[in-house]
file upload.pdb (PDB, C-alpha atoms)
ATOM      1  CA  MET R1028       0.000   0.000   0.000
ATOM      2  CA  TRP R1029       2.699   2.476   1.027
ATOM      3  CA  SER R1030       4.754   1.671  -2.049
ATOM      4  CA  TRP R1031       1.816   2.492  -4.320
ATOM      5  CA  LEU R1032       1.195   5.710  -2.395
ATOM      6  CA  ALA R1033       4.820   6.657  -3.041
ATOM      7  CA  VAL R1034       4.363   5.877  -6.751
ATOM      8  CA  SER R1035       1.243   8.071  -6.850
ATOM      9  CA  LEU R1036       2.959  11.018  -5.136
ATOM     10  CA  SER R1037       5.998  10.690  -7.369
ATOM     11  CA  GLY R1038       3.781  10.643 -10.465
ATOM     12  CA  ILE R1039       1.980  13.769  -9.256
ATOM     13  CA  GLY R1040       5.365  15.440  -8.786
ATOM     14  CA  ALA R1041       6.274  14.583 -12.394
ATOM     15  CA  ILE R1042       2.986  15.996 -13.672
ATOM     16  CA  ALA R1043       3.423  19.182 -11.641
ATOM     17  CA  GLY R1044       6.965  19.624 -12.919
ATOM     18  CA  THR R1045       5.791  19.164 -16.500
ATOM     19  CA  LYS R1046       2.965  21.667 -15.994
ATOM     20  CA  HIS R1047       5.252  24.405 -14.706
ATOM     21  CA  GLY R1048       8.102  23.680 -17.106
ATOM     22  CA  HIS R1049      10.514  22.556 -14.388
ATOM     23  CA  ILE R1050      12.464  20.028 -16.448
ATOM     24  CA  GLY R1051      14.772  18.949 -13.643
ATOM     25  CA  GLN R1052      11.926  18.331 -11.200
ATOM     26  CA  ALA R1053       9.820  16.508 -13.747
ATOM     27  CA  LEU R1054      12.707  14.287 -14.834
ATOM     28  CA  SER R1055      13.733  13.456 -11.263
ATOM     29  CA  TYR R1056      10.218  12.404 -10.329
ATOM     30  CA  LYS R1057       9.816  10.415 -13.549
ATOM     31  CA  VAL R1058      12.978   8.409 -12.958
ATOM     32  CA  PHE R1059      12.094   7.910  -9.287
ATOM     33  CA  THR R1060       8.651   6.632 -10.288
ATOM     34  CA  PHE R1061      10.207   4.035 -12.582
ATOM     35  CA  VAL R1062      12.626   2.998  -9.829
ATOM     36  CA  LEU R1063       9.735   2.510  -7.390
ATOM     37  CA  LEU R1064       7.798   0.447  -9.922
ATOM     38  CA  ALA R1065      10.847  -1.726 -10.583
ATOM     39  CA  VAL R1066      11.304  -2.317  -6.851
ATOM     40  CA  ILE R1067       7.642  -3.303  -6.505
ATOM     41  CA  ALA R1068       7.980  -5.774  -9.377
ATOM     42  CA  LEU R1069      11.161  -7.372  -8.029
ATOM     43  CA  THR R1070       9.974  -7.685  -4.428
ATOM     44  CA  GLN R1071       6.985  -9.912  -5.164
ATOM     45  CA  SER R1072       6.909 -13.307  -3.481
ATOM     46  CA  VAL R1073       7.179 -15.001  -6.875
ATOM     47  CA  VAL R1074       9.449 -13.479  -9.517
ATOM     48  CA  ALA R1075       8.858 -15.201 -12.858
ATOM     49  CA  ASP R1076      10.942 -14.929 -16.022
ATOM     50  CA  PHE R1077       8.540 -12.439 -17.551
ATOM     51  CA  THR R1078       8.928 -10.170 -14.512
ATOM     52  CA  TYR R1079      12.495  -9.414 -15.551
ATOM     53  CA  TRP R1080      11.258  -8.337 -18.977
ATOM     54  CA  LEU R1081       8.809  -5.937 -17.324
ATOM     55  CA  VAL R1082      11.608  -4.510 -15.207
ATOM     56  CA  ALA R1083      13.766  -4.178 -18.322
ATOM     57  CA  GLY R1084      10.914  -2.224 -19.907
ATOM     58  CA  LEU R1085      10.806   0.106 -16.905
ATOM     59  CA  VAL R1086      14.560   0.690 -17.012
ATOM     60  CA  VAL R1087      14.561   1.450 -20.732
ATOM     61  CA  SER R1088      11.504   3.708 -20.305
ATOM     62  CA  ALA R1089      13.408   5.714 -17.681
ATOM     63  CA  ILE R1090      16.358   6.045 -20.064
ATOM     64  CA  ALA R1091      13.987   7.140 -22.841
ATOM     65  CA  ASP R1092      12.514   9.861 -20.609
ATOM     66  CA  VAL R1093      15.980  11.117 -19.711
ATOM     67  CA  LEU R1094      16.941  11.302 -23.384
ATOM     68  CA  HIS R1095      13.622  12.942 -24.255
ATOM     69  CA  SER R1096      14.252  15.666 -21.690
ATOM     70  CA  LEU R1097      17.964  16.251 -22.234
ATOM     71  CA  THR R1098      18.632  15.730 -25.927
ATOM     72  CA  GLN R1099      17.173  16.924 -29.207
ATOM     73  CA  LYS R1100      18.119  13.687 -30.989
ATOM     74  CA  ARG R1101      14.690  12.169 -31.532
ATOM     75  CA  THR R1102      16.077   8.929 -32.924
ATOM     76  CA  LEU R1103      17.710   7.987 -29.612
ATOM     77  CA  TYR R1104      14.679   8.283 -27.363
ATOM     78  CA  PHE R1105      12.362   6.977 -30.074
ATOM     79  CA  VAL R1106      14.387   3.761 -30.267
ATOM     80  CA  CYS R1107      14.385   3.514 -26.459
ATOM     81  CA  PHE R1108      10.591   3.852 -26.337
ATOM     82  CA  LEU R1109      10.313   1.073 -28.919
ATOM     83  CA  VAL R1110      12.700  -1.178 -26.996
ATOM     84  CA  ALA R1111      10.761  -0.595 -23.758
ATOM     85  CA  GLN R1112       7.489  -1.565 -25.432
ATOM     86  CA  LEU R1113       9.118  -4.639 -26.953
ATOM     87  CA  CYS R1114      10.336  -5.682 -23.487
ATOM     88  CA  TYR R1115       6.779  -5.384 -22.178
ATOM     89  CA  SER R1116       5.563  -7.338 -25.188
ATOM     90  CA  LYS R1117       8.027 -10.139 -24.498
ATOM     91  CA  ALA R1118       6.766 -10.339 -20.917
ATOM     92  CA  PHE R1119       3.193 -10.899 -22.108
ATOM     93  CA  TRP R1120       4.043 -13.227 -24.988
ATOM     94  CA  LEU R1121       5.943 -15.445 -22.529
ATOM     95  CA  GLN R1122       2.681 -15.976 -20.632
ATOM     96  CA  LEU R1123       0.805 -17.213 -23.696
ATOM     97  CA  SER R1124       0.052 -20.759 -24.705
ATOM     98  CA  GLY R1125      -2.699 -22.018 -26.977
ATOM     99  CA  GLU R1126      -4.573 -20.551 -29.935
ATOM    100  CA  MET R1127      -4.504 -16.876 -30.859
ATOM    101  CA  VAL R1128      -7.589 -14.638 -30.807
ATOM    102  CA  TRP R1129      -7.345 -12.734 -34.092
ATOM    103  CA  TRP R1130     -10.454 -10.569 -33.748
ATOM    104  CA  LEU R1131      -8.765  -8.568 -30.989
ATOM    105  CA  PHE R1132      -5.815  -7.800 -33.254
ATOM    106  CA  ALA R1133      -8.189  -6.757 -36.045
ATOM    107  CA  LEU R1134     -10.090  -4.442 -33.692
ATOM    108  CA  LEU R1135      -6.933  -2.768 -32.407
ATOM    109  CA  LEU R1136      -5.543  -2.414 -35.917
ATOM    110  CA  ALA R1137      -8.759  -0.828 -37.214
ATOM    111  CA  ALA R1138      -8.799   1.722 -34.369
ATOM    112  CA  CYS R1139      -5.180   2.681 -35.021
ATOM    113  CA  ILE R1140      -5.743   3.010 -38.772
ATOM    114  CA  VAL R1141      -8.531   5.522 -38.090
ATOM    115  CA  ALA R1142      -6.243   7.470 -35.742
ATOM    116  CA  PHE R1143      -3.443   7.364 -38.314
ATOM    117  CA  PHE R1144      -5.576   8.921 -41.040
ATOM    118  CA  LEU R1145      -6.707  11.628 -38.632
ATOM    119  CA  LEU R1146      -3.065  12.514 -38.043
ATOM    120  CA  LEU R1147      -1.819  11.981 -41.597
ATOM    121  CA  PRO R1148      -2.221  15.587 -42.876
ATOM    122  CA  ARG R1149       0.076  16.845 -40.096
ATOM    123  CA  LEU R1150       2.677  14.073 -39.963
ATOM    124  CA  ASP R1151       4.754  15.001 -43.016
ATOM    125  CA  LYS R1152       8.161  13.279 -42.565
ATOM    126  CA  LEU R1153       7.062  11.532 -39.361
ATOM    127  CA  VAL R1154       4.783   9.026 -41.113
ATOM    128  CA  PHE R1155       7.260   6.151 -40.892
ATOM    129  CA  PRO R1156       8.131   6.580 -37.167
ATOM    130  CA  VAL R1157       4.432   6.913 -36.271
ATOM    131  CA  VAL R1158       3.575   3.727 -38.201
ATOM    132  CA  ILE R1159       6.384   1.810 -36.481
ATOM    133  CA  MET R1160       5.376   3.045 -33.028
ATOM    134  CA  GLY R1161       1.734   2.249 -33.736
ATOM    135  CA  MET R1162       2.460  -1.322 -34.834
ATOM    136  CA  VAL R1163       4.627  -1.995 -31.781
ATOM    137  CA  LEU R1164       1.915  -0.651 -29.458
ATOM    138  CA  ILE R1165      -0.793  -2.648 -31.247
ATOM    139  CA  GLN R1166       1.071  -5.919 -30.811
ATOM    140  CA  LEU R1167       1.751  -5.045 -27.158
ATOM    141  CA  ALA R1168      -1.944  -4.471 -26.456
ATOM    142  CA  TRP R1169      -2.761  -7.589 -28.461
ATOM    143  CA  ALA R1170      -0.328  -9.720 -26.427
ATOM    144  CA  ALA R1171      -1.767  -8.457 -23.131
ATOM    145  CA  GLY R1172      -5.308  -8.967 -24.420
ATOM    146  CA  GLU R1173      -4.500 -12.512 -25.509
ATOM    147  CA  VAL R1174      -3.226 -13.341 -22.021
ATOM    148  CA  TRP R1175      -6.451 -12.022 -20.506
ATOM    149  CA  LEU R1176      -8.775 -13.775 -22.969
ATOM    150  CA  LEU R1177      -7.015 -17.116 -22.588
ATOM    151  CA  ASP R1178      -6.870 -16.854 -18.787
ATOM    152  CA  PRO R1179      -9.511 -14.315 -17.631
ATOM    153  CA  GLN R1180      -8.093 -13.304 -14.263
ATOM    154  CA  LEU R1181      -8.235  -9.837 -12.730
ATOM    155  CA  SER R1182      -4.448  -9.473 -12.895
ATOM    156  CA  HIS R1183      -4.433 -10.149 -16.629
ATOM    157  CA  ALA R1184      -7.308  -7.711 -17.153
ATOM    158  CA  VAL R1185      -5.301  -5.024 -15.349
ATOM    159  CA  GLY R1186      -2.294  -5.744 -17.567
ATOM    160  CA  PHE R1187      -4.422  -5.407 -20.700
ATOM    161  CA  VAL R1188      -5.924  -2.133 -19.473
ATOM    162  CA  GLY R1189      -2.417  -0.842 -18.739
ATOM    163  CA  CYS R1190      -1.198  -1.629 -22.266
ATOM    164  CA  SER R1191      -4.352  -0.085 -23.755
ATOM    165  CA  VAL R1192      -3.810   3.090 -21.711
ATOM    166  CA  LEU R1193      -0.208   3.218 -22.975
ATOM    167  CA  LEU R1194      -1.544   3.055 -26.536
ATOM    168  CA  ILE R1195      -4.057   5.834 -25.813
ATOM    169  CA  SER R1196      -1.346   7.921 -24.141
ATOM    170  CA  ALA R1197       0.840   7.695 -27.255
ATOM    171  CA  LEU R1198      -2.156   8.675 -29.392
ATOM    172  CA  ALA R1199      -2.886  11.660 -27.138
ATOM    173  CA  TYR R1200       0.752  12.760 -27.367
ATOM    174  CA  ALA R1201       0.657  12.555 -31.157
ATOM    175  CA  LEU R1202      -2.648  14.446 -31.364
ATOM    176  CA  ASN R1203      -1.373  17.159 -29.049
ATOM    177  CA  CYS R1204       1.890  17.620 -30.940
ATOM    178  CA  TYR R1205       0.848  17.141 -34.548
ATOM    179  CA  ARG R1206      -2.869  17.823 -34.932
ATOM    180  CA  SER R1207      -4.351  20.226 -32.384
ATOM    181  CA  PRO R1208      -3.260  21.080 -28.823
ATOM    182  CA  ILE R1209      -5.176  19.271 -26.088
ATOM    183  CA  LYS R1210      -6.279  21.351 -23.131
ATOM    184  CA  GLY R1211      -4.401  20.176 -20.059
ATOM    185  CA  ALA R1212      -2.133  17.979 -22.198
ATOM    186  CA  TYR R1213       0.520  17.883 -19.462
ATOM    187  CA  PHE R1214      -2.039  16.132 -17.217
ATOM    188  CA  TRP R1215      -3.628  13.765 -19.725
ATOM    189  CA  VAL R1216      -0.478  12.696 -21.547
ATOM    190  CA  THR R1217       1.901  12.452 -18.583
ATOM    191  CA  GLY R1218      -0.781  11.117 -16.235
ATOM    192  CA  SER R1219      -1.965   8.391 -18.611
ATOM    193  CA  TYR R1220       1.652   7.473 -19.405
ATOM    194  CA  PHE R1221       2.495   6.741 -15.767
ATOM    195  CA  LEU R1222      -0.891   5.172 -15.095
ATOM    196  CA  ALA R1223      -0.169   2.717 -17.905
ATOM    197  CA  HIS R1224       3.186   1.669 -16.432
ATOM    198  CA  ALA R1225       1.667   1.407 -12.953
ATOM    199  CA  LEU R1226      -1.162  -0.828 -14.191
ATOM    200  CA  ILE R1227       1.266  -3.081 -16.049
ATOM    201  CA  VAL R1228       3.311  -3.548 -12.869
ATOM    202  CA  ALA R1229       0.135  -3.890 -10.777
ATOM    203  CA  SER R1230      -0.775  -6.933 -12.884
ATOM    204  CA  LEU R1231       2.060  -8.713 -11.053
ATOM    205  CA  THR R1232       0.764  -7.865  -7.593
ATOM    206  CA  ILE R1233      -2.939  -8.733  -7.823
TER     207      ILE R1233
END
call {"tool": "encode", "arguments": {"input": "upload.pdb", "output": "C-alpha cells"}}
result
Amino acid sequence: MWSWLAVSLSGIGAIAGTKHGHIGQALSYKVFTFVLLAVIALTQSVVADFTYWLVAGLVVSAIADVLHSLTQKRTLYFVCFLVAQLCYSKAFWLQLSGEMVWWLFALLLAACIVAFFLLLPRLDKLVFPVVIMGMVLIQLAWAAGEVWLLDPQLSHAVGFVGCSVLLISALAYALNCYRSPIKGAYFWVTGSYFLAHALIVASLTI
C-alpha cells in the first residue's frame, strides 16, 4: 500500500513539474517513479521470467525519458521507447500458450488506422516513425489482451488495461503535438503514461 502511495505522489510530482516547465523536477520524479515500480515488481513473493522483462521495460523507459528531456536527438529516445514496449511485449508473450484470438488484433488495428488517417495531414516526414510506433503498441496491447482472454483473471485484465492506456497515451501525445493542442495535455499525456506503467506492474501484484 505504502509503495503504491509513493508511486502516486511521485507521479503527481512529475505531472506538476511538466505543468510548470521545471524540467529537472519533472525528470527526477519520472525516474524515481520508474525505480519505485521496478522495486515493486522485483519484491513480489514469486518473480517469474517475464517479470524481468517488465523490469527491463521500466529501465529502458526511464532512459527514454531522460533522453527525451535532455537531448534533441529524436532517434535515440524513439528507439528507447520502442525497446521498452518490446520488453513489455516479451513479458506478455511469454505468458501465452494455446490458440490466438485474431479478432482482438483486427479491432486494435482498425482503431489505429482511423487514428493514423486523422493525423496523416500533419505528420509530413514523421509518417514512418508513427507507423512503427503504432504497430509496436498494437502488438503489445494484443499480447496483453491474448493473455487475458485465454486466462480471464483480474491481474491479466489489469495488464491489458495498462497496455491499452499506454496506446491511448501515445495517441494523445501525437494528437497534441501534430494535430491540435489538447487542453491540459501535461495532465492527460503524462498522467496516462504513468498510469499505464503502474497498471502493467500492478498486474504482477494482484
call {"tool": "resolve_selection", "arguments": {"input": "upload.pdb", "expression": "the PyMOL selection byres ((chain R and resi 1187-1204) around 10)", "output": "PyMOL selection string"}}
result
chain R and resi 1112+1115-1116+1119+1135+1139+1142-1143+1145-1146+1149-1150+1157+1160-1161+1163-1176+1181-1186+1205-1213+1215-1230
call {"tool": "atom_distance", "arguments": {"input": "upload.pdb", "atom1": "atom CA of Ile1090 of chain R", "atom2": "atom CA of Leu1064 of chain R"}}
result
14.4 Å
call {"tool": "closest_residue", "arguments": {"input": "upload.pdb", "among": "R:Thr1045, R:Thr1232, R:Thr1078, R:Ser1072", "to": "Trp1031 of chain R", "atoms": "only C-alpha atoms"}}
result
R:Thr1232
call {"tool": "closest_residue", "arguments": {"input": "upload.pdb", "among": "R:Ile1050, R:Ala1091, R:Val1058, R:Val1082", "to": "Thr1070 of chain R", "atoms": "only C-alpha atoms"}}
result
R:Val1082
call {"tool": "atom_distance", "arguments": {"input": "upload.pdb", "atom1": "atom CA of Phe1108 of chain R", "atom2": "atom CA of Ser1088 of chain R"}}
result
6.1 Å
call {"tool": "residues_around", "arguments": {"input": "upload.pdb", "residues": "Thr1060 of chain R", "least_positions_apart": "2", "cutoff": "9 Å", "atoms": "all atoms listed in the file", "output": "JSON, numbers by chain"}}
result
{"R": [1033, 1034, 1035, 1036, 1037, 1038, 1041, 1055, 1056, 1057, 1058, 1062, 1063, 1064, 1065, 1089, 1221]}
call {"tool": "closest_residue", "arguments": {"input": "upload.pdb", "among": "R:Val1141, R:Phe1077, R:Gly1044, R:Ala1053", "to": "His1095 of chain R", "atoms": "only C-alpha atoms"}}
result
R:Ala1053
call {"tool": "closest_residue", "arguments": {"input": "upload.pdb", "among": "R:Ala1137, R:Leu1054, R:Leu1121, R:Met1162", "to": "Ala1075 of chain R", "atoms": "all atoms listed in the file"}}
result
R:Leu1121
call {"tool": "atom_distance", "arguments": {"input": "upload.pdb", "atom1": "atom CA of Trp1080 of chain R", "atom2": "atom CA of Gly1051 of chain R"}}
result
28.0 Å
call {"tool": "closest_residue", "arguments": {"input": "upload.pdb", "among": "R:Trp1129, R:Trp1120, R:Tyr1079, R:Phe1059", "to": "Asp1092 of chain R", "atoms": "all atoms listed in the file"}}
result
R:Phe1059
call {"tool": "closest_residue", "arguments": {"input": "upload.pdb", "among": "R:Phe1144, R:Asp1178, R:Leu1131, R:Pro1156", "to": "Tyr1104 of chain R", "atoms": "only C-alpha atoms"}}
result
R:Pro1156
call {"tool": "residues_around", "arguments": {"input": "upload.pdb", "residues": "Leu1177 of chain R", "least_positions_apart": "6", "cutoff": "10 Å", "atoms": "all atoms listed in the file", "output": "number ranges by chain"}}
result
R: 1122-1128, 1183
call {"tool": "decode", "arguments": {"input": "upload.pdb", "residues": "segment 1189-1200 of chain R", "atoms": "all heavy atoms", "output": "mmCIF file, in the first residue's frame"}}
result
data_model
loop_
_atom_site.group_PDB
_atom_site.id
_atom_site.type_symbol
_atom_site.label_atom_id
_atom_site.label_comp_id
_atom_site.auth_asym_id
_atom_site.auth_seq_id
_atom_site.Cartn_x
_atom_site.Cartn_y
_atom_site.Cartn_z
ATOM 1 N N GLY R 1189 -3.634 -1.635 -18.778
ATOM 2 C CA GLY R 1189 -2.417 -0.842 -18.739
ATOM 3 C C GLY R 1189 -1.815 -0.653 -20.121
ATOM 4 O O GLY R 1189 -1.423 0.468 -20.499
ATOM 5 N N CYS R 1190 -1.749 -1.723 -20.905
ATOM 6 C CA CYS R 1190 -1.198 -1.629 -22.266
ATOM 7 C C CYS R 1190 -2.098 -0.789 -23.163
ATOM 8 O O CYS R 1190 -1.609 -0.039 -24.018
ATOM 9 C CB CYS R 1190 -1.026 -3.028 -22.848
ATOM 10 S SG CYS R 1190 0.243 -4.007 -22.022
ATOM 11 N N SER R 1191 -3.409 -0.892 -22.969
ATOM 12 C CA SER R 1191 -4.352 -0.085 -23.755
ATOM 13 C C SER R 1191 -4.206 1.392 -23.413
ATOM 14 O O SER R 1191 -4.249 2.257 -24.299
ATOM 15 C CB SER R 1191 -5.791 -0.546 -23.487
ATOM 16 O OG SER R 1191 -5.967 -1.902 -23.863
ATOM 17 N N VAL R 1192 -4.010 1.694 -22.131
ATOM 18 C CA VAL R 1192 -3.810 3.090 -21.711
ATOM 19 C C VAL R 1192 -2.504 3.633 -22.298
ATOM 20 O O VAL R 1192 -2.433 4.801 -22.693
ATOM 21 C CB VAL R 1192 -3.798 3.196 -20.174
ATOM 22 C CG1 VAL R 1192 -3.388 4.604 -19.729
ATOM 23 C CG2 VAL R 1192 -5.169 2.866 -19.611
ATOM 24 N N LEU R 1193 -1.472 2.791 -22.378
ATOM 25 C CA LEU R 1193 -0.208 3.218 -22.975
ATOM 26 C C LEU R 1193 -0.409 3.566 -24.446
ATOM 27 O O LEU R 1193 0.147 4.553 -24.949
ATOM 28 C CB LEU R 1193 0.836 2.110 -22.833
ATOM 29 C CG LEU R 1193 2.274 2.463 -23.227
ATOM 30 C CD1 LEU R 1193 2.802 3.607 -22.364
ATOM 31 C CD2 LEU R 1193 3.178 1.249 -23.107
ATOM 32 N N LEU R 1194 -1.218 2.774 -25.136
ATOM 33 C CA LEU R 1194 -1.544 3.055 -26.536
ATOM 34 C C LEU R 1194 -2.302 4.374 -26.664
ATOM 35 O O LEU R 1194 -1.995 5.207 -27.526
ATOM 36 C CB LEU R 1194 -2.377 1.898 -27.101
ATOM 37 C CG LEU R 1194 -2.891 2.024 -28.539
ATOM 38 C CD1 LEU R 1194 -1.738 2.202 -29.506
ATOM 39 C CD2 LEU R 1194 -3.718 0.805 -28.915
ATOM 40 N N ILE R 1195 -3.271 4.595 -25.791
ATOM 41 C CA ILE R 1195 -4.057 5.834 -25.813
ATOM 42 C C ILE R 1195 -3.177 7.035 -25.468
ATOM 43 O O ILE R 1195 -3.317 8.114 -26.056
ATOM 44 C CB ILE R 1195 -5.242 5.729 -24.827
ATOM 45 C CG1 ILE R 1195 -6.231 4.660 -25.314
ATOM 46 C CG2 ILE R 1195 -5.946 7.073 -24.681
ATOM 47 C CD1 ILE R 1195 -7.308 4.327 -24.315
ATOM 48 N N SER R 1196 -2.257 6.843 -24.526
ATOM 49 C CA SER R 1196 -1.346 7.921 -24.141
ATOM 50 C C SER R 1196 -0.481 8.353 -25.323
ATOM 51 O O SER R 1196 -0.273 9.551 -25.557
ATOM 52 C CB SER R 1196 -0.459 7.470 -22.981
ATOM 53 O OG SER R 1196 0.462 8.471 -22.623
ATOM 54 N N ALA R 1197 0.024 7.379 -26.079
ATOM 55 C CA ALA R 1197 0.840 7.695 -27.255
ATOM 56 C C ALA R 1197 0.001 8.430 -28.300
ATOM 57 O O ALA R 1197 0.479 9.374 -28.947
ATOM 58 C CB ALA R 1197 1.424 6.414 -27.846
ATOM 59 N N LEU R 1198 -1.259 8.009 -28.449
ATOM 60 C CA LEU R 1198 -2.156 8.675 -29.392
ATOM 61 C C LEU R 1198 -2.424 10.117 -28.952
ATOM 62 O O LEU R 1198 -2.406 11.046 -29.776
ATOM 63 C CB LEU R 1198 -3.477 7.908 -29.496
ATOM 64 C CG LEU R 1198 -4.565 8.534 -30.371
ATOM 65 C CD1 LEU R 1198 -4.082 8.690 -31.806
ATOM 66 C CD2 LEU R 1198 -5.838 7.686 -30.323
ATOM 67 N N ALA R 1199 -2.642 10.315 -27.658
ATOM 68 C CA ALA R 1199 -2.886 11.660 -27.138
ATOM 69 C C ALA R 1199 -1.659 12.552 -27.344
ATOM 70 O O ALA R 1199 -1.788 13.730 -27.690
ATOM 71 C CB ALA R 1199 -3.239 11.594 -25.655
ATOM 72 N N TYR R 1200 -0.486 11.999 -27.145
ATOM 73 C CA TYR R 1200 0.752 12.760 -27.367
ATOM 74 C C TYR R 1200 0.872 13.186 -28.826
ATOM 75 O O TYR R 1200 1.214 14.339 -29.128
ATOM 76 C CB TYR R 1200 1.952 11.897 -26.965
ATOM 77 C CG TYR R 1200 3.286 12.551 -27.211
ATOM 78 C CD1 TYR R 1200 3.810 13.472 -26.316
ATOM 79 C CD2 TYR R 1200 4.038 12.238 -28.354
ATOM 80 C CE1 TYR R 1200 5.042 14.072 -26.547
ATOM 81 C CE2 TYR R 1200 5.259 12.841 -28.599
ATOM 82 C CZ TYR R 1200 5.758 13.748 -27.690
ATOM 83 O OH TYR R 1200 6.972 14.343 -27.928
#
